[in-house]
file work.cif (mmCIF, C-alpha atoms)
data_start
loop_
_atom_site.label_atom_id
_atom_site.label_comp_id
_atom_site.auth_asym_id
_atom_site.auth_seq_id
_atom_site.Cartn_x
_atom_site.Cartn_y
_atom_site.Cartn_z
CA MET A 15 -23.62 -49.55 -51.30
CA ILE A 16 -24.37 -51.39 -48.07
CA ILE A 17 -26.65 -49.45 -45.71
CA VAL A 18 -27.57 -50.39 -42.13
CA PHE A 19 -30.55 -48.93 -40.28
CA THR A 20 -30.35 -50.07 -36.67
CA GLY A 21 -31.22 -48.86 -33.16
CA ASN A 22 -34.22 -49.17 -30.85
CA GLY A 23 -36.29 -46.34 -32.34
CA LYS A 24 -39.03 -46.21 -34.93
CA GLY A 25 -38.01 -45.50 -38.51
CA LYS A 26 -35.73 -48.32 -39.67
CA THR A 27 -38.04 -50.29 -41.96
CA THR A 28 -39.89 -47.06 -42.70
CA ALA A 29 -36.70 -45.41 -43.97
CA ALA A 30 -36.00 -48.49 -46.11
CA LEU A 31 -39.49 -48.12 -47.63
CA GLY A 32 -38.83 -44.41 -48.26
CA GLN A 33 -35.62 -45.39 -50.04
CA ALA A 34 -37.69 -47.85 -52.06
CA MET A 35 -40.06 -45.05 -53.07
CA ARG A 36 -37.17 -42.90 -54.28
CA ALA A 37 -35.60 -45.83 -56.12
CA LEU A 38 -38.92 -46.61 -57.83
CA GLY A 39 -39.09 -42.98 -58.93
CA GLN A 40 -35.69 -43.44 -60.55
CA ALA A 41 -36.92 -46.50 -62.45
CA LYS A 42 -34.91 -48.82 -60.23
CA ARG A 43 -36.14 -52.26 -59.27
CA VAL A 44 -36.67 -53.03 -55.61
CA MET A 45 -36.93 -56.26 -53.62
CA MET A 46 -37.76 -56.54 -49.95
CA ILE A 47 -37.27 -59.74 -47.99
CA GLN A 48 -38.95 -59.65 -44.59
CA PHE A 49 -37.15 -61.98 -42.19
CA ILE A 50 -39.37 -61.68 -39.14
CA LYS A 51 -42.78 -60.47 -40.21
CA GLY A 52 -45.31 -63.22 -40.83
CA PRO A 53 -47.88 -63.27 -43.60
CA TRP A 54 -49.97 -60.41 -42.21
CA ILE A 55 -50.75 -57.53 -44.54
CA CYS A 56 -49.07 -54.14 -43.90
CA GLY A 57 -49.40 -50.69 -45.41
CA GLU A 58 -46.58 -51.43 -47.86
CA ASP A 59 -48.39 -54.52 -49.19
CA LYS A 60 -51.62 -52.59 -49.63
CA PHE A 61 -49.66 -49.84 -51.34
CA LEU A 62 -48.26 -52.25 -53.96
CA LYS A 63 -51.74 -53.58 -54.68
CA LYS A 64 -53.55 -50.24 -54.65
CA PHE A 65 -51.18 -48.56 -57.10
CA GLN A 66 -50.63 -51.74 -59.14
CA ILE A 67 -46.87 -51.61 -58.86
CA PRO A 68 -45.60 -54.47 -61.03
CA PRO A 69 -43.60 -57.18 -59.19
CA SER A 70 -40.77 -56.60 -61.65
CA GLN A 71 -40.41 -53.13 -60.06
CA PHE A 72 -41.12 -53.76 -56.40
CA GLN A 73 -41.74 -57.09 -54.78
CA ILE A 74 -42.04 -58.00 -51.11
CA PHE A 75 -41.24 -61.52 -49.93
CA LYS A 76 -42.55 -62.48 -46.52
CA MET A 77 -40.16 -65.15 -45.33
CA GLY A 78 -40.72 -64.80 -41.59
CA LYS A 79 -42.95 -66.91 -39.41
CA GLY A 80 -43.92 -64.04 -37.15
CA PHE A 81 -42.43 -62.93 -33.86
CA VAL A 82 -39.86 -65.25 -32.32
CA LYS A 83 -40.13 -66.32 -28.69
CA ILE A 84 -42.42 -63.39 -27.83
CA LEU A 85 -46.10 -62.46 -28.11
CA GLY A 86 -47.34 -66.01 -27.77
CA ASP A 87 -44.98 -67.59 -30.33
CA SER A 88 -44.99 -71.34 -29.72
CA LEU A 89 -43.22 -72.51 -32.89
CA PRO A 90 -40.00 -74.49 -32.40
CA LEU A 91 -36.94 -72.33 -33.15
CA SER A 92 -35.99 -74.71 -35.99
CA ILE A 93 -39.09 -73.62 -37.95
CA HIS A 94 -38.03 -69.97 -37.66
CA GLN A 95 -34.47 -70.94 -38.60
CA LYS A 96 -35.55 -72.79 -41.71
CA ALA A 97 -37.68 -69.85 -42.82
CA ALA A 98 -34.82 -67.38 -42.29
CA GLN A 99 -32.35 -69.64 -44.12
CA LYS A 100 -34.79 -69.76 -47.03
CA GLY A 101 -34.95 -65.95 -47.00
CA LEU A 102 -31.18 -65.81 -47.07
CA ARG A 103 -30.97 -68.13 -50.07
CA LEU A 104 -33.51 -65.95 -51.85
CA ALA A 105 -31.34 -62.90 -51.11
CA GLU A 106 -28.22 -64.66 -52.35
CA GLU A 107 -29.94 -65.60 -55.61
CA ALA A 108 -31.21 -62.05 -56.09
CA ILE A 109 -27.77 -60.55 -55.50
CA LYS A 110 -26.23 -63.04 -57.94
CA ASN A 111 -28.71 -62.56 -60.77
CA GLN A 112 -28.69 -58.74 -60.37
CA LYS A 113 -32.37 -58.40 -61.18
CA TYR A 114 -32.79 -55.71 -58.51
CA ASP A 115 -31.07 -52.37 -57.88
CA LEU A 116 -32.11 -52.18 -54.24
CA ILE A 117 -32.53 -55.18 -51.97
CA ILE A 118 -33.96 -54.60 -48.50
CA LEU A 119 -33.19 -57.32 -45.96
CA ASP A 120 -35.80 -56.32 -43.41
CA GLU A 121 -35.15 -57.25 -39.77
CA ILE A 122 -32.17 -59.35 -40.80
CA ASN A 123 -30.19 -57.90 -37.87
CA VAL A 124 -32.81 -59.35 -35.53
CA ALA A 125 -32.73 -62.71 -37.33
CA VAL A 126 -28.99 -62.87 -36.54
CA LYS A 127 -29.52 -61.77 -32.94
CA LEU A 128 -32.11 -64.52 -32.45
CA GLY A 129 -29.79 -67.16 -33.89
CA LEU A 130 -31.91 -67.85 -36.97
CA ILE A 131 -29.00 -67.15 -39.31
CA LYS A 132 -25.30 -66.44 -38.75
CA ALA A 133 -23.71 -63.03 -39.32
CA GLY A 134 -21.01 -64.78 -41.37
CA GLN A 135 -23.61 -66.12 -43.79
CA VAL A 136 -24.92 -62.61 -44.39
CA LEU A 137 -21.43 -61.15 -44.83
CA LYS A 138 -20.70 -63.83 -47.41
CA ILE A 139 -23.59 -62.73 -49.63
CA LEU A 140 -22.85 -59.01 -49.05
CA LYS A 141 -19.38 -59.63 -50.47
CA ILE A 142 -20.78 -60.62 -53.86
CA ASN A 143 -22.89 -57.46 -54.14
CA PRO A 144 -21.68 -55.17 -56.94
CA PRO A 145 -20.92 -51.65 -55.60
CA GLU A 146 -23.49 -49.99 -57.89
CA LYS A 147 -26.32 -51.98 -56.31
CA ASP A 148 -27.75 -51.11 -52.90
CA ILE A 149 -28.54 -53.38 -50.00
CA ILE A 150 -30.28 -52.13 -46.85
CA LEU A 151 -30.12 -54.20 -43.67
CA THR A 152 -32.62 -53.25 -40.97
CA GLY A 153 -33.29 -54.22 -37.38
CA ARG A 154 -32.13 -53.31 -33.92
CA GLU A 155 -28.78 -54.49 -32.53
CA ALA A 156 -26.98 -54.88 -35.85
CA PRO A 157 -23.88 -57.10 -35.48
CA LYS A 158 -20.66 -55.09 -35.37
CA SER A 159 -19.42 -56.98 -38.42
CA PHE A 160 -22.33 -55.49 -40.43
CA ILE A 161 -21.44 -51.99 -39.22
CA ARG A 162 -17.84 -52.57 -40.25
CA LYS A 163 -18.86 -53.83 -43.70
CA ALA A 164 -21.45 -51.09 -44.36
CA ASP A 165 -20.85 -47.83 -46.21
CA LEU A 166 -23.62 -45.97 -44.39
CA VAL A 167 -25.00 -46.67 -40.93
CA THR A 168 -27.70 -44.78 -39.08
CA GLU A 169 -28.79 -45.60 -35.56
CA MET A 170 -32.47 -44.84 -35.07
CA LYS A 171 -32.54 -43.97 -31.41
CA GLU A 172 -35.78 -43.87 -29.47
CA ILE A 173 -36.10 -40.52 -27.76
CA LYS A 174 -39.82 -40.70 -27.11
CA HIS A 175 -42.41 -43.36 -27.82
CA PRO A 176 -46.19 -43.08 -27.55
CA PHE A 177 -46.27 -45.66 -24.72
CA GLN A 178 -43.83 -43.59 -22.70
CA LYS A 179 -45.57 -40.26 -23.13
CA GLY A 180 -45.78 -38.28 -19.96
CA LYS A 181 -42.84 -39.98 -18.27
CA PRO A 182 -40.67 -37.13 -17.01
CA ALA A 183 -37.46 -39.15 -17.49
CA VAL A 184 -38.08 -39.19 -21.20
CA LEU A 185 -39.04 -35.56 -21.43
CA ALA A 186 -35.92 -34.56 -19.57
CA ARG A 187 -33.64 -36.44 -21.93
CA GLU A 188 -31.79 -34.14 -24.26
CA PHE A 189 -29.71 -34.57 -27.37
CA MET B 27 -50.04 -37.99 -33.57
CA ILE B 28 -47.06 -35.67 -33.75
CA ILE B 29 -43.85 -37.41 -34.88
CA VAL B 30 -40.35 -35.92 -34.95
CA PHE B 31 -37.47 -37.41 -36.96
CA THR B 32 -34.31 -35.55 -36.02
CA GLY B 33 -30.56 -36.14 -35.64
CA ASN B 34 -27.53 -35.83 -37.90
CA GLY B 35 -27.90 -39.16 -39.70
CA LYS B 36 -29.46 -40.21 -42.96
CA GLY B 37 -33.03 -41.47 -42.84
CA LYS B 38 -35.23 -38.62 -41.56
CA THR B 39 -36.97 -37.51 -44.75
CA THR B 40 -36.64 -41.06 -46.05
CA ALA B 41 -38.55 -42.44 -43.05
CA ALA B 42 -41.23 -39.78 -43.60
CA LEU B 43 -41.54 -40.96 -47.22
CA GLY B 44 -41.81 -44.57 -46.03
CA GLN B 45 -44.58 -43.51 -43.69
CA ALA B 46 -46.22 -41.82 -46.69
CA MET B 47 -46.05 -45.09 -48.64
CA ARG B 48 -47.74 -46.98 -45.82
CA ALA B 49 -50.40 -44.28 -45.43
CA LEU B 50 -51.09 -44.36 -49.17
CA GLY B 51 -51.55 -48.12 -48.90
CA GLN B 52 -54.18 -47.52 -46.24
CA ALA B 53 -56.04 -45.10 -48.52
CA LYS B 54 -54.91 -42.11 -46.48
CA ARG B 55 -54.14 -38.77 -48.07
CA VAL B 56 -50.65 -37.36 -47.72
CA MET B 57 -49.18 -33.89 -48.06
CA MET B 58 -45.50 -33.00 -47.90
CA ILE B 59 -44.28 -29.44 -47.53
CA GLN B 60 -40.55 -29.10 -48.17
CA PHE B 61 -39.18 -26.10 -46.26
CA ILE B 62 -35.59 -26.10 -47.47
CA LYS B 63 -35.38 -27.97 -50.74
CA GLY B 64 -35.59 -25.82 -53.84
CA PRO B 65 -37.43 -26.68 -57.03
CA TRP B 66 -35.05 -29.49 -58.03
CA ILE B 67 -36.59 -32.86 -58.83
CA CYS B 68 -36.00 -35.77 -56.43
CA GLY B 69 -36.82 -39.47 -56.47
CA GLU B 70 -40.08 -38.83 -54.63
CA ASP B 71 -41.24 -36.36 -57.30
CA LYS B 72 -40.39 -38.79 -60.07
CA PHE B 73 -42.20 -41.50 -58.15
CA LEU B 74 -45.45 -39.47 -58.04
CA LYS B 75 -45.26 -38.85 -61.76
CA LYS B 76 -44.20 -42.34 -62.78
CA PHE B 77 -46.97 -44.11 -60.91
CA GLN B 78 -49.53 -41.36 -61.57
CA ILE B 79 -50.38 -40.88 -57.93
CA PRO B 80 -53.25 -38.35 -57.90
CA PRO B 81 -52.51 -35.08 -56.04
CA SER B 82 -55.60 -35.71 -53.93
CA GLN B 83 -53.73 -38.70 -52.47
CA PHE B 84 -50.14 -37.46 -52.27
CA GLN B 85 -48.94 -34.01 -53.06
CA ILE B 86 -45.51 -32.45 -52.54
CA PHE B 87 -45.17 -28.67 -52.16
CA LYS B 88 -41.70 -27.26 -52.65
CA MET B 89 -41.70 -24.10 -50.59
CA GLY B 90 -37.97 -23.75 -50.04
CA LYS B 91 -35.53 -21.60 -51.96
CA GLY B 92 -32.69 -24.09 -51.67
CA PHE B 93 -29.88 -24.26 -49.15
CA VAL B 94 -29.57 -21.34 -46.76
CA LYS B 95 -26.23 -19.62 -46.25
CA ILE B 96 -24.28 -22.62 -47.57
CA LEU B 97 -23.27 -24.13 -50.92
CA GLY B 98 -23.13 -20.80 -52.71
CA ASP B 99 -26.48 -19.45 -51.51
CA SER B 100 -26.47 -15.69 -52.10
CA LEU B 101 -30.16 -14.92 -51.53
CA PRO B 102 -30.96 -12.45 -48.75
CA LEU B 103 -32.29 -14.24 -45.66
CA SER B 104 -35.58 -12.36 -46.02
CA ILE B 105 -36.33 -14.27 -49.24
CA HIS B 106 -35.84 -17.59 -47.45
CA GLN B 107 -37.94 -16.32 -44.55
CA LYS B 108 -40.83 -15.30 -46.78
CA ALA B 109 -40.79 -18.68 -48.52
CA ALA B 110 -40.80 -20.55 -45.20
CA GLN B 111 -43.59 -18.37 -43.81
CA LYS B 112 -45.61 -19.17 -46.92
CA GLY B 113 -44.98 -22.89 -46.33
CA LEU B 114 -46.16 -22.49 -42.75
CA ARG B 115 -49.39 -20.79 -43.84
CA LEU B 116 -49.96 -23.65 -46.27
CA ALA B 117 -49.49 -26.14 -43.43
CA GLU B 118 -51.87 -24.22 -41.18
CA GLU B 119 -54.55 -24.20 -43.87
CA ALA B 120 -54.10 -27.92 -44.50
CA ILE B 121 -54.37 -28.76 -40.80
CA LYS B 122 -57.48 -26.61 -40.50
CA ASN B 123 -59.32 -28.00 -43.51
CA GLN B 124 -58.38 -31.62 -42.63
CA LYS B 125 -57.98 -32.63 -46.26
CA TYR B 126 -54.96 -34.78 -45.40
CA ASP B 127 -54.40 -37.64 -42.95
CA LEU B 128 -50.62 -37.26 -42.89
CA ILE B 129 -48.80 -33.96 -43.26
CA ILE B 130 -45.00 -34.05 -43.54
CA LEU B 131 -43.26 -30.79 -42.67
CA ASP B 132 -39.92 -31.63 -44.22
CA GLU B 133 -36.81 -29.91 -42.81
CA ILE B 134 -39.01 -27.64 -40.69
CA ASN B 135 -36.64 -28.17 -37.74
CA VAL B 136 -33.86 -26.69 -39.85
CA ALA B 137 -36.08 -23.79 -40.94
CA VAL B 138 -36.50 -22.93 -37.24
CA LYS B 139 -32.79 -23.36 -36.52
CA LEU B 140 -31.94 -20.98 -39.38
CA GLY B 141 -34.38 -18.36 -38.12
CA LEU B 142 -36.74 -18.63 -41.09
CA ILE B 143 -39.73 -19.34 -38.85
CA LYS B 144 -40.22 -19.37 -35.07
CA ALA B 145 -40.74 -22.56 -33.05
CA GLY B 146 -43.75 -20.86 -31.43
CA GLN B 147 -45.41 -20.42 -34.80
CA VAL B 148 -45.07 -24.14 -35.50
CA LEU B 149 -46.33 -25.13 -32.04
CA LYS B 150 -49.38 -22.95 -32.59
CA ILE B 151 -50.42 -24.87 -35.69
CA LEU B 152 -49.55 -28.25 -34.11
CA LYS B 153 -52.05 -27.41 -31.36
CA ILE B 154 -54.95 -27.34 -33.79
CA ASN B 155 -54.11 -30.76 -35.23
CA PRO B 156 -56.78 -33.37 -34.41
CA PRO B 157 -55.22 -36.40 -32.63
CA GLU B 158 -56.35 -38.86 -35.33
CA LYS B 159 -54.29 -37.01 -37.96
CA ASP B 160 -50.52 -37.39 -38.22
CA ILE B 161 -47.89 -34.73 -38.62
CA ILE B 162 -44.20 -35.57 -39.15
CA LEU B 163 -41.57 -32.89 -38.54
CA THR B 164 -38.14 -33.65 -39.95
CA GLY B 165 -34.70 -32.09 -39.79
CA ARG B 166 -31.65 -32.12 -37.58
CA GLU B 167 -31.54 -30.21 -34.29
CA ALA B 168 -35.28 -30.24 -33.58
CA PRO B 169 -36.19 -27.57 -31.01
CA LYS B 170 -36.76 -29.01 -27.54
CA SER B 171 -40.29 -27.61 -27.57
CA PHE B 172 -41.07 -29.87 -30.57
CA ILE B 173 -39.70 -32.90 -28.71
CA ARG B 174 -41.85 -32.00 -25.72
CA LYS B 175 -44.96 -31.61 -27.87
CA ALA B 176 -44.40 -34.79 -29.94
CA ASP B 177 -45.85 -38.22 -29.23
CA LEU B 178 -43.02 -40.07 -30.97
CA VAL B 179 -39.45 -38.91 -31.47
CA THR B 180 -36.59 -40.77 -33.14
CA GLU B 181 -33.07 -39.43 -33.36
CA MET B 182 -31.38 -40.61 -36.55
CA LYS B 183 -27.78 -40.74 -35.43
CA GLU B 184 -24.96 -40.93 -37.93
CA ILE B 185 -22.75 -43.89 -37.10
CA LYS B 186 -21.05 -44.11 -40.46
CA HIS B 187 -21.30 -42.04 -43.61
CA PRO B 188 -19.88 -42.85 -47.06
CA PHE B 189 -17.55 -39.82 -46.88
CA GLN B 190 -16.07 -41.10 -43.64
CA LYS B 191 -15.46 -44.68 -44.73
CA GLY B 192 -12.15 -46.04 -43.65
CA LYS B 193 -11.65 -43.60 -40.82
CA PRO B 194 -10.72 -45.80 -37.86
CA ALA B 195 -12.40 -43.41 -35.38
CA VAL B 196 -15.73 -44.20 -36.95
CA LEU B 197 -15.15 -47.92 -37.13
CA ALA B 198 -14.18 -47.99 -33.51
CA ARG B 199 -17.38 -46.30 -32.40
CA GLU B 200 -19.79 -48.72 -30.87
CA PHE B 201 -23.40 -48.61 -29.82
#

call {"tool": "encode", "arguments": {"input": "work.cif", "output": "structure tokens"}}
result
Amino acid sequence: MIIVFTGNGKGKTTAALGQAMRALGQAKRVMMIQFIKGPWICGEDKFLKKFQIPPSQFQIFKMGKGFVKILGDSLPLSIHQKAAQKGLRLAEEAIKNQKYDLIILDEINVAVKLGLIKAGQVLKILKINPPEKDIILTGREAPKSFIRKADLVTEMKEIKHPFQKGKPAVLAREF
Amino acid sequence: MIIVFTGNGKGKTTAALGQAMRALGQAKRVMMIQFIKGPWICGEDKFLKKFQIPPSQFQIFKMGKGFVKILGDSLPLSIHQKAAQKGLRLAEEAIKNQKYDLIILDEINVAVKLGLIKAGQVLKILKINPPEKDIILTGREAPKSFIRKADLVTEMKEIKHPFQKGKPAVLAREF
């Protein structure tokens, strides 16, 4: 099953991690490839270490070079592109050898948006995924072709964010 | 921080579980109270057992009596109400004794919607939560008073669901 978590709100990568937790509980093997995040250590990395989850069951690959074109990034785009292409090859290999039951392509939607990889390249590797295996694609502004290809799509929509707290426009918004 | 995950799409409880994974990685203690789910065993329960996560670090309390008024539920509403009220008292105690850093009140929005507990009762216990501790409230159709009270709100919006696949109306929807 192909799943897309997109939208501008918090919860996309987090939901993918929750799915990973459930999959681990069901003795499934999980791989996460992070396309944007650099080598910094997050809660999920500490979690793997703390509870000694074996890499054969859950492994996180940090293929990103950090934020692209924002927050002081001064790397040439080609460096980011090479890193993302490497992540994509890793994903392709993993899908082909079927070692994992759930593959999370974290922030891959953003990698496409930023021109690091092409949507067509991603669709090509999604095509070879057997239906009994799950792939989750996360990141805001998912390409429409991913939405079309996916079986399940949720838009995580920001209704209120800590930085906005107190702004009446946000409080007045209803859904 | 008070966080609300609402909306009709998949990913609300899952995102709460992902947040739990990250919190566990940061040596935080997590409690989840499930207000609707009955005693059946889910991936998250199997996960706790499989990786021998100590209850002092992550504990799940199943306080629900299963689905309410749907899928063959024949229990009187008062039974569901008592169970939910018990869950609420458990939450209140946990917030007061500060044994946990993250408390997930799973499907509590739905428990309010179904009339099992009152929004005012929930707001009362949210008020006593210290700002450095996190509470996540999940479930579709969150009361507006929860949105107002929360620091962070994401609406998980269903864009595409496996049961709908192939329906052109869904494919044509854009965001």

call {"tool": "atom_distance", "arguments": {"input": "work.cif", "atom1": "CA of His187 in chain B", "atom2": "CA of Ala49 in chain B"}}
result
29.2 Å

call {"tool": "resolve_selection", "arguments": {"input": "work.cif", "expression": "the PyMOL selection byres ((chain A) within 6 of (chain B))", "output": "VMD selection string"}}
result
chain A and resid 23 25 28 to 29 31 to 33 36 39 to 40 57 to 58 60 to 61 165 to 176

call {"tool": "residues_around", "arguments": {"input": "work.cif", "residues": "range 106-121 of chain A", "least_positions_apart": "5", "cutoff": "8 Å", "atoms": "all atoms listed in the file", "output": "list in words"}}
result
Thr27, Ala30, Ala34, Ala37, Lys42, Arg43, Val44, Met45, Met46, Ile47, Gln48, Phe49, Ile50, Ile139, Ile142, Asn143, Glu146, Lys147, Asp148, Ile149, Ile150, Leu151, Thr152, Gly153 and Arg154 of chain A

call {"tool": "atom_distance", "arguments": {"input": "work.cif", "atom1": "CA of Ala137 in chain B", "atom2": "CA of Ala110 in chain B"}}
result
7.1 Å

call {"tool": "calpha_fit_and_write", "arguments": {"input": "work.cif", "fixed": "chain A", "moving": "chain B", "output": "compact mmCIF listing (two decimals) with C-alpha atoms, in the frame of the given file"}}
result
# COMPACT_ATOMS: atom_id res chain seq x y z
CA MET B 27 -23.62 -49.54 -51.30
CA ILE B 28 -24.36 -51.39 -48.08
CA ILE B 29 -26.65 -49.45 -45.72
CA VAL B 30 -27.56 -50.40 -42.14
CA PHE B 31 -30.54 -48.93 -40.28
CA THR B 32 -30.35 -50.08 -36.68
CA GLY B 33 -31.22 -48.88 -33.16
CA ASN B 34 -34.22 -49.18 -30.86
CA GLY B 35 -36.29 -46.36 -32.37
CA LYS B 36 -39.04 -46.22 -34.93
CA GLY B 37 -38.02 -45.50 -38.51
CA LYS B 38 -35.73 -48.33 -39.67
CA THR B 39 -38.05 -50.29 -41.95
CA THR B 40 -39.89 -47.06 -42.70
CA ALA B 41 -36.68 -45.41 -43.96
CA ALA B 42 -36.00 -48.49 -46.10
CA LEU B 43 -39.49 -48.11 -47.61
CA GLY B 44 -38.81 -44.42 -48.26
CA GLN B 45 -35.61 -45.39 -50.02
CA ALA B 46 -37.69 -47.86 -52.05
CA MET B 47 -40.05 -45.05 -53.07
CA ARG B 48 -37.16 -42.91 -54.26
CA ALA B 49 -35.59 -45.84 -56.13
CA LEU B 50 -38.92 -46.61 -57.81
CA GLY B 51 -39.07 -42.98 -58.92
CA GLN B 52 -35.68 -43.42 -60.55
CA ALA B 53 -36.91 -46.49 -62.44
CA LYS B 54 -34.90 -48.82 -60.23
CA ARG B 55 -36.14 -52.26 -59.27
CA VAL B 56 -36.66 -53.04 -55.61
CA MET B 57 -36.92 -56.25 -53.63
CA MET B 58 -37.76 -56.54 -49.95
CA ILE B 59 -37.27 -59.74 -47.99
CA GLN B 60 -38.95 -59.65 -44.59
CA PHE B 61 -37.13 -61.98 -42.18
CA ILE B 62 -39.36 -61.69 -39.13
CA LYS B 63 -42.78 -60.49 -40.20
CA GLY B 64 -45.32 -63.22 -40.81
CA PRO B 65 -47.89 -63.28 -43.59
CA TRP B 66 -49.96 -60.41 -42.18
CA ILE B 67 -50.74 -57.53 -44.52
CA CYS B 68 -49.08 -54.15 -43.88
CA GLY B 69 -49.41 -50.69 -45.40
CA GLU B 70 -46.60 -51.42 -47.84
CA ASP B 71 -48.40 -54.52 -49.17
CA LYS B 72 -51.62 -52.58 -49.61
CA PHE B 73 -49.65 -49.84 -51.33
CA LEU B 74 -48.27 -52.27 -53.95
CA LYS B 75 -51.74 -53.58 -54.67
CA LYS B 76 -53.53 -50.24 -54.64
CA PHE B 77 -51.18 -48.56 -57.09
CA GLN B 78 -50.63 -51.74 -59.13
CA ILE B 79 -46.87 -51.61 -58.84
CA PRO B 80 -45.60 -54.47 -61.03
CA PRO B 81 -43.60 -57.17 -59.18
CA SER B 82 -40.77 -56.59 -61.64
CA GLN B 83 -40.40 -53.13 -60.07
CA PHE B 84 -41.12 -53.77 -56.39
CA GLN B 85 -41.72 -57.09 -54.79
CA ILE B 86 -42.05 -57.99 -51.11
CA PHE B 87 -41.24 -61.53 -49.94
CA LYS B 88 -42.55 -62.49 -46.53
CA MET B 89 -40.15 -65.14 -45.34
CA GLY B 90 -40.72 -64.82 -41.61
CA LYS B 91 -42.95 -66.93 -39.41
CA GLY B 92 -43.90 -64.04 -37.15
CA PHE B 93 -42.41 -62.96 -33.85
CA VAL B 94 -39.83 -65.27 -32.32
CA LYS B 95 -40.11 -66.35 -28.70
CA ILE B 96 -42.38 -63.41 -27.82
CA LEU B 97 -46.07 -62.46 -28.08
CA GLY B 98 -47.31 -66.02 -27.78
CA ASP B 99 -44.96 -67.59 -30.34
CA SER B 100 -44.97 -71.35 -29.74
CA LEU B 101 -43.20 -72.52 -32.91
CA PRO B 102 -39.98 -74.49 -32.41
CA LEU B 103 -36.93 -72.34 -33.17
CA SER B 104 -36.00 -74.71 -36.00
CA ILE B 105 -39.08 -73.61 -37.96
CA HIS B 106 -38.03 -69.97 -37.67
CA GLN B 107 -34.47 -70.93 -38.60
CA LYS B 108 -35.55 -72.79 -41.73
CA ALA B 109 -37.69 -69.85 -42.84
CA ALA B 110 -34.83 -67.38 -42.31
CA GLN B 111 -32.36 -69.63 -44.13
CA LYS B 112 -34.79 -69.77 -47.04
CA GLY B 113 -34.97 -65.95 -47.02
CA LEU B 114 -31.18 -65.81 -47.07
CA ARG B 115 -30.98 -68.15 -50.08
CA LEU B 116 -33.51 -65.94 -51.84
CA ALA B 117 -31.34 -62.90 -51.12
CA GLU B 118 -28.22 -64.66 -52.36
CA GLU B 119 -29.94 -65.61 -55.62
CA ALA B 120 -31.21 -62.06 -56.11
CA ILE B 121 -27.76 -60.55 -55.52
CA LYS B 122 -26.22 -63.04 -57.93
CA ASN B 123 -28.70 -62.56 -60.76
CA GLN B 124 -28.69 -58.74 -60.36
CA LYS B 125 -32.37 -58.41 -61.17
CA TYR B 126 -32.79 -55.72 -58.52
CA ASP B 127 -31.07 -52.38 -57.90
CA LEU B 128 -32.11 -52.18 -54.25
CA ILE B 129 -32.53 -55.18 -51.98
CA ILE B 130 -33.96 -54.59 -48.49
CA LEU B 131 -33.20 -57.32 -45.97
CA ASP B 132 -35.79 -56.32 -43.42
CA GLU B 133 -35.16 -57.25 -39.76
CA ILE B 134 -32.16 -59.36 -40.81
CA ASN B 135 -30.18 -57.91 -37.87
CA VAL B 136 -32.80 -59.35 -35.54
CA ALA B 137 -32.73 -62.71 -37.35
CA VAL B 138 -28.99 -62.87 -36.57
CA LYS B 139 -29.50 -61.77 -32.96
CA LEU B 140 -32.11 -64.51 -32.47
CA GLY B 141 -29.80 -67.16 -33.90
CA LEU B 142 -31.92 -67.83 -36.99
CA ILE B 143 -29.00 -67.14 -39.33
CA LYS B 144 -25.30 -66.44 -38.77
CA ALA B 145 -23.70 -63.03 -39.34
CA GLY B 146 -21.02 -64.80 -41.39
CA GLN B 147 -23.62 -66.13 -43.79
CA VAL B 148 -24.93 -62.62 -44.40
CA LEU B 149 -21.43 -61.16 -44.84
CA LYS B 150 -20.70 -63.83 -47.42
CA ILE B 151 -23.59 -62.73 -49.63
CA LEU B 152 -22.86 -59.02 -49.05
CA LYS B 153 -19.38 -59.66 -50.49
CA ILE B 154 -20.78 -60.63 -53.87
CA ASN B 155 -22.89 -57.48 -54.15
CA PRO B 156 -21.69 -55.18 -56.96
CA PRO B 157 -20.93 -51.66 -55.60
CA GLU B 158 -23.49 -49.98 -57.89
CA LYS B 159 -26.32 -51.99 -56.30
CA ASP B 160 -27.76 -51.11 -52.90
CA ILE B 161 -28.55 -53.38 -50.01
CA ILE B 162 -30.29 -52.13 -46.85
CA LEU B 163 -30.13 -54.22 -43.67
CA THR B 164 -32.61 -53.26 -40.98
CA GLY B 165 -33.27 -54.23 -37.39
CA ARG B 166 -32.12 -53.32 -33.92
CA GLU B 167 -28.78 -54.50 -32.54
CA ALA B 168 -26.98 -54.88 -35.87
CA PRO B 169 -23.90 -57.10 -35.49
CA LYS B 170 -20.67 -55.10 -35.37
CA SER B 171 -19.42 -56.98 -38.42
CA PHE B 172 -22.34 -55.50 -40.43
CA ILE B 173 -21.44 -51.99 -39.23
CA ARG B 174 -17.84 -52.59 -40.26
CA LYS B 175 -18.87 -53.85 -43.70
CA ALA B 176 -21.45 -51.10 -44.36
CA ASP B 177 -20.84 -47.85 -46.22
CA LEU B 178 -23.61 -45.98 -44.40
CA VAL B 179 -24.99 -46.68 -40.94
CA THR B 180 -27.71 -44.78 -39.07
CA GLU B 181 -28.79 -45.61 -35.56
CA MET B 182 -32.48 -44.85 -35.07
CA LYS B 183 -32.53 -43.97 -31.40
CA GLU B 184 -35.77 -43.86 -29.47
CA ILE B 185 -36.09 -40.51 -27.75
CA LYS B 186 -39.80 -40.71 -27.11
CA HIS B 187 -42.39 -43.37 -27.79
CA PRO B 188 -46.19 -43.06 -27.56
CA PHE B 189 -46.29 -45.62 -24.71
CA GLN B 190 -43.87 -43.52 -22.69
CA LYS B 191 -45.61 -40.17 -23.12
CA GLY B 192 -45.79 -38.16 -19.98
CA LYS B 193 -42.93 -39.89 -18.26
CA PRO B 194 -40.74 -37.03 -17.01
CA ALA B 195 -37.55 -39.11 -17.44
CA VAL B 196 -38.13 -39.14 -21.16
CA LEU B 197 -39.02 -35.49 -21.40
CA ALA B 198 -35.91 -34.56 -19.52
CA ARG B 199 -33.65 -36.45 -21.89
CA GLU B 200 -31.83 -34.16 -24.22
CA PHE B 201 -29.73 -34.59 -27.31
